[in-house]
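Q: This one is work_0.tsv, TSV, C-alpha atoms and all ligand atoms.
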chain	number	residue	atom	x	y	z
A	184	THR	CA	-19.85	122.39	52.99
A	185	ASP	CA	-17.68	119.49	54.18
A	186	THR	CA	-18.18	117.81	50.83
A	187	ALA	CA	-17.24	120.90	48.88
A	188	THR	CA	-14.18	121.59	51.03
A	189	LEU	CA	-12.95	118.03	50.90
A	190	SER	CA	-13.38	117.49	47.18
A	191	ARG	CA	-11.71	120.83	46.44
A	192	SER	CA	-8.68	119.31	48.10
A	193	ALA	CA	-8.39	117.21	44.90
A	194	GLU	CA	-6.06	119.98	43.70
A	195	ALA	CA	-3.57	118.81	46.32
A	196	PHE	CA	-3.25	115.34	44.74
A	197	PRO	CA	-0.98	115.24	41.67
A	198	GLY	CA	-1.91	111.58	41.11
A	199	LEU	CA	-5.48	112.55	40.25
A	200	ARG	CA	-4.58	114.04	36.88
A	201	THR	CA	-4.25	112.00	33.71
A	202	ARG	CA	-1.16	112.41	31.48
A	203	ASP	CA	-2.99	115.02	29.40
A	204	GLY	CA	-3.85	116.94	32.57
A	205	SER	CA	-7.56	116.15	32.81
A	206	ARG	CA	-9.33	114.84	35.89
A	207	TRP	CA	-8.86	111.14	36.52
A	208	HIS	CA	-11.99	109.61	38.04
A	209	TYR	CA	-10.10	107.49	40.50
A	210	LEU	CA	-12.53	105.11	42.21
A	211	ASP	CA	-9.97	102.69	43.60
A	212	SER	CA	-8.97	104.30	46.89
A	213	ALA	CA	-9.80	101.11	48.77
A	214	ALA	CA	-6.92	99.45	46.90
A	215	THR	CA	-4.61	102.37	47.55
A	216	ALA	CA	-5.19	106.07	48.06
A	217	GLN	CA	-3.62	108.87	46.03
A	218	LYS	CA	-1.13	111.04	47.91
A	219	PRO	CA	-1.50	114.69	48.85
A	220	GLN	CA	1.41	116.98	47.98
A	221	ASP	CA	2.13	117.45	51.72
A	222	VAL	CA	2.89	113.75	52.08
A	223	ILE	CA	4.98	113.70	48.90
A	224	ASP	CA	6.95	116.75	50.12
A	225	ALA	CA	7.56	115.18	53.53
A	226	THR	CA	8.96	112.00	51.97
A	227	VAL	CA	11.12	113.98	49.52
A	228	ARG	CA	12.66	115.94	52.43
A	229	ALA	CA	13.19	112.75	54.41
A	230	MET	CA	14.89	111.05	51.47
A	231	GLY	CA	16.85	114.18	50.54
A	232	ALA	CA	18.01	116.98	52.80
A	233	ASP	CA	17.11	115.23	56.07
A	234	TYR	CA	18.20	111.71	55.14
A	235	ALA	CA	20.24	109.58	57.55
A	236	THR	CA	19.82	106.29	59.38
A	237	VAL	CA	18.10	106.01	62.76
A	238	HIS	CA	19.02	104.55	66.16
A	239	ARG	CA	22.71	104.11	65.32
A	240	GLY	CA	24.45	107.26	64.19
A	241	VAL	CA	26.35	109.42	66.66
A	242	TYR	CA	26.28	112.37	64.26
A	243	SER	CA	23.59	114.99	64.59
A	244	ARG	CA	21.73	114.26	61.30
A	245	SER	CA	21.09	110.70	62.49
A	246	ALA	CA	20.08	111.90	65.94
A	247	ASP	CA	17.59	114.30	64.29
A	248	MET	CA	16.24	111.55	62.05
A	249	THR	CA	15.86	109.26	65.06
A	250	LEU	CA	13.80	111.94	66.80
A	251	ALA	CA	11.67	112.39	63.67
A	252	PHE	CA	11.20	108.62	63.32
A	253	GLU	CA	10.10	108.23	66.94
A	254	ALA	CA	7.87	111.32	66.60
A	255	ALA	CA	6.27	109.58	63.60
A	256	ARG	CA	5.55	106.56	65.79
A	257	ARG	CA	3.91	108.80	68.43
A	258	ASN	CA	1.93	110.61	65.76
A	259	VAL	CA	0.57	107.44	64.11
A	260	ALA	CA	-0.22	105.89	67.50
A	261	ALA	CA	-2.10	109.04	68.51
A	262	LEU	CA	-4.16	108.97	65.30
A	263	ILE	CA	-5.75	105.72	66.46
A	264	GLY	CA	-5.86	106.59	70.15
A	265	GLY	CA	-2.80	104.53	71.16
A	266	GLN	CA	0.54	105.08	72.89
A	267	GLU	CA	3.94	105.03	71.19
A	268	ASN	CA	5.18	101.98	73.14
A	269	GLU	CA	2.23	100.03	71.70
A	270	LEU	CA	2.92	100.73	68.04
A	271	VAL	CA	5.13	98.50	65.87
A	272	PHE	CA	5.97	99.65	62.37
A	273	THR	CA	5.42	96.85	59.85
A	274	ARG	CA	5.39	96.62	56.05
A	275	GLY	CA	1.61	96.95	56.11
A	276	ALA	CA	-1.55	95.45	57.55
A	277	THR	CA	-0.59	92.09	56.07
A	278	GLU	CA	2.67	91.98	57.98
A	279	ALA	CA	0.95	93.27	61.13
A	280	ILE	CA	-1.47	90.32	61.10
A	281	ASN	CA	1.32	87.86	60.29
A	282	LEU	CA	3.26	89.28	63.24
A	283	VAL	CA	0.36	88.56	65.61
A	284	ALA	CA	-0.10	85.07	64.17
A	285	GLN	CA	3.59	84.13	64.25
A	286	SER	CA	4.44	85.72	67.60
A	287	TRP	CA	1.33	85.80	69.78
A	288	GLY	CA	-0.35	82.91	67.95
A	289	LEU	CA	2.49	80.40	68.11
A	290	ALA	CA	3.14	81.29	71.76
A	291	ASN	CA	-0.47	81.08	72.90
A	292	LEU	CA	-2.47	78.69	70.72
A	293	GLU	CA	-2.65	74.97	71.31
A	294	PRO	CA	-4.31	71.98	69.63
A	295	GLY	CA	-8.07	72.27	70.07
A	296	ASP	CA	-8.01	76.04	70.61
A	297	ARG	CA	-10.38	77.88	68.28
A	298	ILE	CA	-10.32	81.25	66.56
A	299	LEU	CA	-13.24	83.05	64.94
A	300	LEU	CA	-12.84	84.84	61.60
A	301	SER	CA	-15.64	86.08	59.35
A	302	GLN	CA	-16.84	85.25	55.86
A	303	LEU	CA	-15.86	88.70	54.58
A	304	GLU	CA	-12.22	88.76	55.64
A	305	HIS	CA	-9.44	89.82	53.30
A	306	HIS	CA	-7.02	86.97	52.54
A	307	SER	CA	-4.49	88.71	54.76
A	308	ASN	CA	-6.73	87.97	57.75
A	309	ILE	CA	-7.28	84.34	56.71
A	310	VAL	CA	-4.05	82.89	55.35
A	311	PRO	CA	-1.75	83.87	58.27
A	312	TRP	CA	-4.08	81.89	60.55
A	313	GLN	CA	-4.09	78.91	58.20
A	314	LEU	CA	-0.28	78.96	58.24
A	315	ILE	CA	-0.21	78.64	62.01
A	316	ARG	CA	-3.12	76.19	62.03
A	317	GLU	CA	-0.63	73.73	60.49
A	318	ARG	CA	1.73	74.25	63.40
A	319	THR	CA	-0.65	74.60	66.36
A	320	GLY	CA	-3.62	72.40	65.52
A	321	LEU	CA	-6.00	75.29	66.11
A	322	VAL	CA	-9.51	75.22	64.64
A	323	ILE	CA	-10.77	78.12	62.50
A	324	ASP	CA	-14.48	78.97	62.75
A	325	VAL	CA	-16.13	81.30	60.26
A	326	CYS	CA	-18.78	83.78	61.36
A	327	PRO	CA	-21.54	84.19	58.73
A	328	LEU	CA	-22.83	87.50	57.39
A	329	THR	CA	-26.20	89.20	57.64
A	330	ALA	CA	-28.30	89.29	54.46
A	331	ASP	CA	-27.00	92.80	53.70
A	332	GLY	CA	-23.34	91.84	54.12
A	333	ARG	CA	-22.29	92.73	57.65
A	334	ILE	CA	-20.55	90.39	60.09
A	335	ASP	CA	-23.46	88.76	61.95
A	336	LEU	CA	-22.64	89.44	65.59
A	337	ASP	CA	-25.75	87.58	66.79
A	338	ALA	CA	-24.26	84.52	65.12
A	339	ALA	CA	-20.85	85.32	66.64
A	340	GLU	CA	-22.48	85.43	70.07
A	341	ARG	CA	-23.94	81.97	69.52
A	342	MET	CA	-20.69	80.55	68.14
A	343	LEU	CA	-18.19	81.82	70.70
A	344	THR	CA	-17.11	79.41	73.44
A	345	PRO	CA	-14.37	79.37	76.08
A	346	ALA	CA	-12.28	77.35	73.56
A	347	HIS	CA	-12.03	80.52	71.45
A	348	LYS	CA	-8.74	82.30	72.08
A	349	LEU	CA	-9.01	84.94	69.35
A	350	VAL	CA	-11.56	86.76	67.25
A	351	ALA	CA	-10.18	88.53	64.14
A	352	PHE	CA	-12.58	90.73	62.19
A	353	ALA	CA	-12.30	93.52	59.62
A	354	HIS	CA	-13.40	96.93	60.91
A	355	VAL	CA	-14.55	97.90	57.40
A	356	SER	CA	-15.01	95.34	54.60
A	357	ASN	CA	-12.79	96.15	51.61
A	358	VAL	CA	-15.46	94.75	49.27
A	359	LEU	CA	-18.78	95.85	50.78
A	360	GLY	CA	-17.79	98.82	52.93
A	361	SER	CA	-19.78	97.38	55.83
A	362	VAL	CA	-18.73	98.71	59.21
A	363	LEU	CA	-18.28	96.42	62.20
A	364	ASP	CA	-19.81	97.31	65.56
A	365	VAL	CA	-16.38	96.99	67.17
A	366	ASN	CA	-17.55	97.68	70.71
A	367	ARG	CA	-20.00	94.81	70.57
A	368	ALA	CA	-17.47	92.49	68.91
A	369	VAL	CA	-14.95	93.32	71.66
A	370	ALA	CA	-17.53	92.63	74.39
A	371	LEU	CA	-18.41	89.28	72.80
A	372	ALA	CA	-14.76	88.21	72.45
A	373	HIS	CA	-13.81	89.29	75.94
A	374	GLY	CA	-16.97	87.68	77.29
A	375	VAL	CA	-15.49	84.24	76.51
A	376	GLY	CA	-11.94	85.25	77.43
A	377	ALA	CA	-10.75	85.59	73.81
A	378	LYS	CA	-8.50	88.35	72.48
A	379	ILE	CA	-9.70	90.39	69.53
A	380	LEU	CA	-7.75	91.61	66.52
A	381	ILE	CA	-9.31	94.26	64.32
A	382	ASP	CA	-8.14	94.57	60.72
A	383	GLY	CA	-8.40	98.33	60.40
A	384	CYS	CA	-6.84	98.58	56.97
A	385	GLN	CA	-9.92	100.17	55.37
A	386	ALA	CA	-11.22	101.87	58.50
A	387	VAL	CA	-8.34	104.19	59.42
A	388	ALA	CA	-8.81	106.33	56.32
A	389	ARG	CA	-12.60	106.34	56.58
A	390	LEU	CA	-13.67	106.67	60.23
A	391	PRO	CA	-12.41	108.10	63.52
A	392	VAL	CA	-10.64	105.19	65.26
A	393	ASP	CA	-9.87	105.02	68.97
A	394	VAL	CA	-8.34	101.73	70.05
A	395	ALA	CA	-8.54	102.68	73.73
A	396	ALA	CA	-12.26	103.46	73.53
A	397	MET	CA	-12.95	100.34	71.46
A	398	GLY	CA	-11.03	98.18	73.93
A	399	CYS	CA	-9.60	95.85	71.29
A	400	ASP	CA	-6.33	93.95	71.75
A	401	PHE	CA	-4.69	94.27	68.32
A	402	TYR	CA	-5.31	96.72	65.47
A	403	ALA	CA	-3.68	96.44	62.03
A	404	LEU	CA	-3.32	99.18	59.43
A	405	SER	CA	-1.49	100.21	56.23
A	406	ALA	CA	-0.20	103.71	55.46
A	407	HIS	CA	-0.90	103.56	51.73
A	408	LYS	CA	-4.68	103.39	52.23
A	409	LEU	CA	-4.37	106.44	54.50
A	410	TYR	CA	-2.88	108.70	51.81
A	411	GLY	CA	0.63	107.69	52.92
A	412	PRO	CA	3.45	105.69	51.31
A	413	THR	CA	3.48	102.01	50.41
A	414	GLY	CA	5.83	99.67	52.25
A	415	ILE	CA	4.79	100.70	55.76
A	416	GLY	CA	1.95	100.04	58.15
A	417	ALA	CA	1.55	99.35	61.80
A	418	LEU	CA	0.41	96.95	64.43
A	419	TRP	CA	-1.06	98.51	67.52
A	420	ALA	CA	-1.20	96.06	70.42
A	421	ARG	CA	-2.18	96.44	74.05
A	422	SER	CA	1.11	96.92	75.92
A	423	GLU	CA	0.71	93.94	78.32
A	424	LEU	CA	0.32	91.69	75.28
A	425	LEU	CA	3.12	93.23	73.26
A	426	ASP	CA	5.54	93.16	76.22
A	427	ALA	CA	4.93	89.42	76.66
A	428	MET	CA	5.21	88.49	72.96
A	429	PRO	CA	8.37	86.79	71.64
A	430	PRO	CA	10.19	88.19	68.60
A	431	TRP	CA	9.30	86.76	65.20
A	432	GLN	CA	12.14	88.05	63.02
A	433	GLY	CA	15.74	88.35	64.18
A	434	GLY	CA	18.45	90.81	63.26
A	435	GLY	CA	19.84	94.20	64.12
A	436	SER	CA	17.91	96.70	66.25
A	437	MET	CA	15.70	94.11	67.97
A	438	ILE	CA	18.31	92.85	70.44
A	439	ASP	CA	19.66	93.84	73.81
A	440	ARG	CA	22.88	91.75	73.83
A	441	VAL	CA	24.08	89.13	71.35
A	442	THR	CA	26.53	86.33	72.04
A	443	PHE	CA	26.77	83.04	70.19
A	444	GLU	CA	25.51	81.31	73.32
A	445	ARG	CA	22.54	83.50	74.08
A	446	THR	CA	20.83	86.64	72.84
A	447	THR	CA	18.48	88.88	74.77
A	448	TRP	CA	15.80	91.07	73.25
A	449	ALA	CA	15.12	94.76	73.15
A	450	PRO	CA	11.84	95.86	74.73
A	451	ALA	CA	8.73	96.28	72.55
A	452	PRO	CA	8.17	97.81	70.06
A	453	GLN	CA	11.86	97.60	68.94
A	454	ARG	CA	11.82	93.83	69.57
A	455	PHE	CA	9.52	93.50	66.55
A	456	GLU	CA	11.45	95.79	64.20
A	457	ALA	CA	14.48	93.80	63.03
A	458	GLY	CA	16.75	95.59	60.60
A	459	THR	CA	16.92	99.17	59.34
A	460	PRO	CA	13.33	100.38	59.36
A	461	ALA	CA	11.38	102.11	56.58
A	462	ILE	CA	12.58	105.56	57.71
A	463	VAL	CA	11.37	107.65	54.78
A	464	GLU	CA	8.05	105.83	54.76
A	465	ALA	CA	7.53	106.37	58.49
A	466	ILE	CA	7.97	110.12	58.02
A	467	GLY	CA	5.47	109.97	55.15
A	468	PHE	CA	3.09	107.91	57.31
A	469	ALA	CA	3.13	110.65	59.96
A	470	ALA	CA	2.55	113.33	57.31
A	471	ALA	CA	-0.47	111.34	56.13
A	472	ALA	CA	-1.75	111.10	59.71
A	473	ASP	CA	-1.40	114.91	59.96
A	474	TYR	CA	-3.28	115.28	56.68
A	475	VAL	CA	-6.35	113.27	57.70
A	476	ARG	CA	-6.29	114.74	61.21
A	477	LYS	CA	-6.48	118.21	59.69
A	478	ALA	CA	-9.32	117.26	57.33
A	479	GLY	CA	-11.09	115.47	60.20
A	480	LEU	CA	-12.02	111.81	60.00
A	481	ALA	CA	-15.63	112.48	60.96
A	482	ALA	CA	-15.87	114.88	58.00
A	483	ILE	CA	-14.15	112.39	55.69
A	484	HIS	CA	-16.59	109.70	56.81
A	485	ALA	CA	-19.62	111.91	56.23
A	486	HIS	CA	-18.28	112.95	52.81
A	487	GLU	CA	-17.75	109.35	51.67
A	488	ALA	CA	-21.00	108.08	53.20
A	489	ALA	CA	-22.90	110.75	51.23
A	490	LEU	CA	-21.13	109.67	48.03
A	491	VAL	CA	-22.12	106.05	48.73
A	492	VAL	CA	-25.78	107.04	49.12
A	493	LYS	CA	-25.60	108.98	45.85
A	494	ALA	CA	-23.75	106.18	44.01
A	495	ARG	CA	-26.14	103.47	45.20
A	496	ALA	CA	-29.12	105.56	44.16
A	497	GLU	CA	-27.68	106.26	40.68
A	498	LEU	CA	-26.50	102.69	40.11
A	499	GLY	CA	-29.79	101.33	41.46
A	500	ARG	CA	-31.63	103.11	38.64
A	501	ILE	CA	-29.78	100.97	36.07
A	502	ASN	CA	-31.72	97.71	35.64
A	503	ALA	CA	-28.67	95.61	34.80
A	504	VAL	CA	-26.87	96.61	38.02
A	505	ARG	CA	-26.93	94.32	41.06
A	506	LEU	CA	-25.70	96.08	44.18
A	507	PHE	CA	-23.98	94.22	47.00
A	508	GLY	CA	-23.55	95.22	50.62
A	509	PRO	CA	-25.44	97.39	53.06
A	510	GLU	CA	-26.94	100.81	52.30
A	511	GLU	CA	-24.71	102.31	54.96
A	512	SER	CA	-21.15	101.83	53.83
A	513	ALA	CA	-17.86	103.51	54.60
A	514	GLY	CA	-17.01	104.72	51.11
A	515	ILE	CA	-17.11	101.43	49.18
A	516	VAL	CA	-19.71	100.06	46.71
A	517	SER	CA	-19.51	96.65	45.02
A	518	PHE	CA	-21.78	95.70	42.17
A	519	ALA	CA	-22.26	93.38	39.21
A	520	LEU	CA	-23.47	94.27	35.74
A	521	GLU	CA	-25.68	91.61	34.20
A	522	GLY	CA	-24.08	90.03	31.14
A	523	VAL	CA	-20.78	91.91	31.53
A	524	HIS	CA	-17.70	90.57	33.29
A	525	PRO	CA	-16.32	93.10	35.79
A	526	HIS	CA	-12.97	93.01	33.95
A	527	ASP	CA	-14.63	94.08	30.69
A	528	LEU	CA	-16.45	96.85	32.50
A	529	GLY	CA	-13.19	97.99	34.09
A	530	THR	CA	-11.44	98.05	30.71
A	531	ILE	CA	-14.18	100.12	29.04
A	532	LEU	CA	-14.34	102.51	32.01
A	533	ASP	CA	-10.59	103.03	31.72
A	534	GLU	CA	-11.16	104.49	28.24
A	535	GLU	CA	-13.37	107.08	29.96
A	536	ASN	CA	-10.73	107.96	32.57
A	537	VAL	CA	-12.65	106.07	35.25
A	538	ALA	CA	-10.66	103.65	37.40
A	539	ILE	CA	-12.52	100.94	39.31
A	540	ARG	CA	-11.35	97.65	40.74
A	541	ALA	CA	-12.64	94.44	39.18
A	542	GLY	CA	-11.90	91.06	40.69
A	543	HIS	CA	-12.15	89.05	43.87
A	544	HIS	CA	-10.53	91.81	45.95
A	545	CYS	CA	-8.46	89.24	47.89
A	546	ALA	CA	-11.70	88.02	49.45
A	547	GLN	CA	-12.50	84.77	47.62
A	548	PRO	CA	-14.57	83.28	50.49
A	549	LEU	CA	-16.76	86.39	50.30
A	550	MET	CA	-17.10	85.96	46.51
A	551	ASP	CA	-18.19	82.34	47.15
A	552	HIS	CA	-20.78	83.64	49.61
A	553	LEU	CA	-22.07	86.21	47.09
A	554	GLY	CA	-22.12	83.52	44.39
A	555	VAL	CA	-19.97	85.47	41.94
A	556	PRO	CA	-16.35	85.03	40.83
A	557	ALA	CA	-15.71	88.76	40.95
A	558	THR	CA	-17.37	92.12	41.54
A	559	ALA	CA	-16.85	95.61	40.23
A	560	ARG	CA	-15.94	97.96	43.07
A	561	ALA	CA	-16.05	101.73	43.25
A	562	SER	CA	-14.39	103.18	46.32
A	563	PHE	CA	-14.12	106.80	47.38
A	564	GLY	CA	-11.51	108.96	49.04
A	565	ILE	CA	-11.25	112.41	50.50
A	566	TYR	CA	-10.88	113.84	46.96
A	567	SER	CA	-13.86	112.03	45.37
A	568	ASP	CA	-16.93	113.97	44.31
A	569	GLU	CA	-20.18	113.61	42.37
A	570	SER	CA	-18.43	114.12	39.04
A	571	ASP	CA	-16.72	110.76	39.65
A	572	ILE	CA	-20.11	109.08	40.13
A	573	ALA	CA	-21.50	110.76	37.00
A	574	ALA	CA	-18.51	109.54	34.98
A	575	LEU	CA	-18.99	106.02	36.35
A	576	VAL	CA	-22.67	106.00	35.41
A	577	ARG	CA	-21.91	107.34	31.88
A	578	GLY	CA	-19.28	104.62	31.47
A	579	ILE	CA	-21.65	101.88	32.62
A	580	GLU	CA	-24.32	103.09	30.20
A	581	ARG	CA	-21.81	103.07	27.34
A	582	THR	CA	-20.68	99.56	28.33
A	583	LEU	CA	-24.29	98.36	28.26
A	584	ARG	CA	-24.72	99.82	24.75
A	585	ILE	CA	-21.56	98.07	23.57
A	586	PHE	CA	-22.72	94.72	25.01
A	587	ALA	CA	-26.36	95.11	23.91
A	601	LIG	N1	-7.23	94.04	55.11
A	601	LIG	C1	-8.08	94.74	54.35
A	601	LIG	C2	-9.50	94.88	54.77
A	601	LIG	C3	-7.62	95.32	53.17
A	601	LIG	O1	-8.45	96.02	52.39
A	601	LIG	C4	-6.26	95.15	52.78
A	601	LIG	C5	-5.72	95.74	51.49
A	601	LIG	N2	-6.55	95.54	50.39
A	601	LIG	C6	-5.43	94.43	53.64
A	601	LIG	C7	-5.94	93.90	54.78
A	601	LIG	C8	-3.98	94.22	53.32
A	601	LIG	O2	-3.29	95.42	53.35
A	601	LIG	P1	-1.84	95.53	52.74
A	601	LIG	O3	-1.90	94.90	51.38
A	601	LIG	O4	-1.61	97.00	52.67
A	601	LIG	O5	-0.92	94.83	53.68
Please, can you express the file's structure as structure tokens?
A:
Amino acid sequence: TDTATLSRSAEAFPGLRTRDGSRWHYLDSAATAQKPQDVIDATVRAMGADYATVHRGVYSRSADMTLAFEAARRNVAALIGGQENELVFTRGATEAINLVAQSWGLANLEPGDRILLSQLEHHSNIVPWQLIRERTGLVIDVCPLTADGRIDLDAAERMLTPAHKLVAFAHVSNVLGSVLDVNRAVALAHGVGAKILIDGCQAVARLPVDVAAMGCDFYALSAHKLYGPTGIGALWARSELLDAMPPWQGGGSMIDRVTFERTTWAPAPQRFEAGTPAIVEAIGFAAAADYVRKAGLAAIHAHEAALVVKARAELGRINAVRLFGPEESAGIVSFALEGVHPHDLGTILDEENVAIRAGHHCAQPLMDHLGVPATARASFGIYSDESDIAALVRGIERTLRIFA
């Protein structure tokens, strides 16, 4: 019943129709999710009738918008089990991780300190650390994967030492859909005195997340993968850490008092939000949080997990298909088609109104590990259903006939 209810909600997503009004088999929600009408309406109101700046205006419209903006912060924080004073709005997960690297990283990491990443990380959880490696002399260690494509926490346990100051792992792999045992990862990191950052970009839309229960130190997310707008995301950070972190970008809104001699900072989270924030997007972010809260993340997870089981079974029946990743995946399936480049497959599927992602998925070290330059990836959302899988399979069969 969950599956039926959730996929019927496809009606609420105008982006799921093609220009001629037919169903678009959108299997690229891991790149970005389509938006429900509720979220679109909330952003239209925020940009129209309710529009004003925040934190500055003395007039009532601005005061109202400030309340709505801060309510959005509370709302998004609550979605992941956090408090409003722990949630910094950023441009996305990428900026959230860069914020931790540039602020916490530069203040806390020294030559010889080590951090542990994994082989399946998105470039946005690799490159920010390489940028500060140049400036701090830190050493980056890479945790290997299990044979089925999960971060190998037994290996992490063996690798971690007191020299490790940070572990940074994806909660859900954007390529394989594999889900991290966050509680164990947190225990391992804290066991050697390291902090742990979780890249929750794929997880927030696919699983119930509770940062307090998980006990992590930093959690990064993007609104656009959560059925919200682009251009906004968030960093959740434990308040003791955030309160002690120096600013990383300067400007309006992040200060207490400015003189040419000396400037003092606003408290967190404002200290990390220089400039006029993404007001409209924050309102849309909160509307998206309301949307998934109402649908229920446990139900969304069950719905997508069932589609993964179905998709893997159907794809597994095609001889030319090689499946990657674990059987249990949070809504994401990567595969290769023998003799067909993923880009060619993607182009032919497009003619059938099926949208998949083909490429390295911003995870080139993972591609190296899999021994392929690219994969084809089908990823599900709240609105996906078995008709999308059937269309994918029909498209693959047609592609194989064309290439035969
Ligand atoms: N981490 C993961 C696991 C992702 O899937 C993505 C987006 N593909 C990101 C980080 C980066 O998110 P954004 O581009 O929204 O900043």
Q: Give me the residues within 9 Å of A:Ser517 as number ranges by chain, counting only C-alpha atoms and dropping any in the same chain fewer than 4 places off.
A: A: 358-360, 505-508, 558-562
Q: Can you list, as a list in words, every protein, DNA or RNA residue that comes within 9 Å of stretch 569-581 of chain A when you count all atoms listed in the file, leaving out same-chain residues fewer than 4 positions away?
A: Trp207, His208, Tyr209, Leu210, Leu490, Lys493, Ala494, Glu497, Leu498, Ile501, Leu520, Leu528, Ile531, Leu532, Asp533, Glu534, Glu535, Asn536, Val537, Ala538, Ile539, Ala561, Ile585 and Phe586 of chain A
Q: May I have the residues within 9 Å of ligand LIG 601 (chain A), computed using all atoms listed in the file, as number ranges by chain?
A: A: 213-215, 274-280, 303-308, 353-358, 382-386, 403-408, 413-416, 544-546
Q: Draw an axis-aligned box tight on the listed atoms of stretch 549-565 of chain A, then pad every side by 4 Å and write out centre and edge lengths in Å to one decimal as JSON.
A:
{"center_x": -16.7, "center_y": 97.4, "center_z": 45.4, "size_x": 18.9, "size_y": 38.1, "size_z": 18.3}
Q: Give me, as a Markdown table, each residue of stretch 200-306 of chain A that comes within 12 Å of stretch 451-473 of chain A, together with its shortest interatomic pair and the distance in Å at one decimal, counting all atoms listed in the file, with rows ordered by chain and rising residue number.
A:
| residue | atom | partner | partner_atom | distance |
| --- | --- | --- | --- | --- |
| A:Ala216 | CA | A:Ala471 | CA | 10.7 |
| A:Gln217 | CA | A:Ala471 | CA | 10.9 |
| A:Lys218 | CA | A:Ala471 | CA | 8.3 |
| A:Pro219 | CA | A:Ala471 | CA | 8.1 |
| A:Gln220 | CA | A:Ala470 | CA | 10.1 |
| A:Asp221 | CA | A:Ala470 | CA | 7.0 |
| A:Val222 | CA | A:Ala470 | CA | 5.3 |
| A:Ile223 | CA | A:Gly467 | CA | 7.3 |
| A:Asp224 | CA | A:Gly467 | CA | 8.6 |
| A:Ala225 | CA | A:Gly467 | CA | 5.8 |
| A:Thr226 | CA | A:Gly467 | CA | 5.1 |
| A:Val227 | CA | A:Val463 | CA | 8.2 |
| A:Arg228 | CA | A:Val463 | CA | 8.7 |
| A:Ala229 | CA | A:Val463 | CA | 5.4 |
| A:Met230 | CA | A:Val463 | CA | 5.9 |
| A:Gly231 | CA | A:Val463 | CA | 9.5 |
| A:Ala232 | CA | A:Val463 | CA | 11.6 |
| A:Asp233 | CA | A:Val463 | CA | 9.6 |
| A:Tyr234 | CA | A:Val463 | CA | 8.0 |
| A:Ala235 | CA | A:Ile462 | CA | 8.7 |
| A:Thr236 | CA | A:Ile462 | CA | 7.5 |
| A:Val237 | CA | A:Ile462 | CA | 7.5 |
| A:His238 | CA | A:Thr459 | CA | 8.9 |
| A:Arg239 | CA | A:Thr459 | CA | 9.7 |
| A:Ser245 | CA | A:Ile462 | CA | 11.0 |
| A:Met248 | CA | A:Ile462 | CA | 8.3 |
| A:Thr249 | CA | A:Ile462 | CA | 8.9 |
| A:Leu250 | CA | A:Ile466 | CA | 10.7 |
| A:Ala251 | CA | A:Ile466 | CA | 7.1 |
| A:Phe252 | CA | A:Ile466 | CA | 6.4 |
| A:Glu253 | CA | A:Ala465 | CA | 9.0 |
| A:Ala254 | CA | A:Ala469 | CA | 8.2 |
| A:Ala255 | CA | A:Ala469 | CA | 4.9 |
| A:Arg256 | CA | A:Ala469 | CA | 7.5 |
| A:Arg257 | CA | A:Ala469 | CA | 8.7 |
| A:Asn258 | CA | A:Ala469 | CA | 5.9 |
| A:Val259 | CA | A:Ala469 | CA | 5.8 |
| A:Ala260 | CA | A:Ala472 | CA | 9.5 |
| A:Ala261 | CA | A:Ala472 | CA | 9.0 |
| A:Leu262 | CA | A:Ala472 | CA | 6.4 |
| A:Ile263 | CA | A:Ala472 | CA | 9.5 |
| A:Gln266 | CA | A:Pro452 | CA | 10.9 |
| A:Glu267 | CA | A:Pro452 | CA | 8.4 |
| A:Asn268 | CA | A:Pro452 | CA | 6.0 |
| A:Glu269 | CA | A:Pro452 | CA | 6.5 |
| A:Leu270 | CA | A:Pro452 | CA | 6.3 |
| A:Val271 | CA | A:Pro452 | CA | 5.2 |
| A:Phe272 | CA | A:Glu456 | CA | 6.9 |
| A:Thr273 | CA | A:Glu456 | CA | 7.5 |
| A:Arg274 | CA | A:Ala461 | CA | 8.1 |
| A:Gly275 | CA | A:Glu464 | CA | 11.1 |
| A:Glu278 | CA | A:Phe455 | CA | 11.1 |
| A:Ala279 | CA | A:Phe455 | CA | 10.1 |
| A:Asn281 | CA | A:Phe455 | CA | 11.8 |
| A:Leu282 | CA | A:Phe455 | CA | 8.2 |
| A:Val283 | CA | A:Phe455 | CA | 10.4 |
| A:Gln285 | CA | A:Phe455 | CA | 11.3 |
| A:Ser286 | CA | A:Phe455 | CA | 9.4 |
| A:Trp287 | CA | A:Phe455 | CA | 11.7 |
Q: Just to confirm, what's the straight-line distance from atom CA of A:Glu423 to atom CA of A:Ala284 in Å (one decimal)?
A: 16.7 Å
Q: Atom CA of A:Phe563 and atom CA of A:Leu549 are how many Å apart?
A: 20.8 Å
Q: Please report the interatomic distance between atom CA of A:Ala541 and atom CA of A:Ala557 in Å with one decimal.
A: 6.7 Å
Q: Skipping near chain neighbours, those fewer than 3 positions away, what residues fall within 7 Å of A:Ile315 using all atoms listed in the file, listed as number ranges by chain?
A: A: 284, 289, 311-312, 318-319
Q: Taking all atoms listed in the file into account, name the residue in A:Glu511, A:Asp247, A:Asp439, A:Asp211 that is nearest to A:Ser361.
A: A:Glu511
Q: Taking 3 positions as the minimum chain separation for residues in the same chain, which residues sit within 8 Å of stretch 332-346 of chain A when counting only C-alpha atoms? Answer as an MDAnalysis selection string.
A: chainID A and resid 295:297 299 301:303 326:329 359 361:363 367:368 371:372 375:377 507:509
Q: Go through A:Ala195, A:Ala503, A:Ala330, A:Ile323 and flag the residue nearest A:Ile565, using only C-alpha atoms for the distances.
A: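 With only C-alpha atoms as the atom set, the closest residue is A:Ala195.
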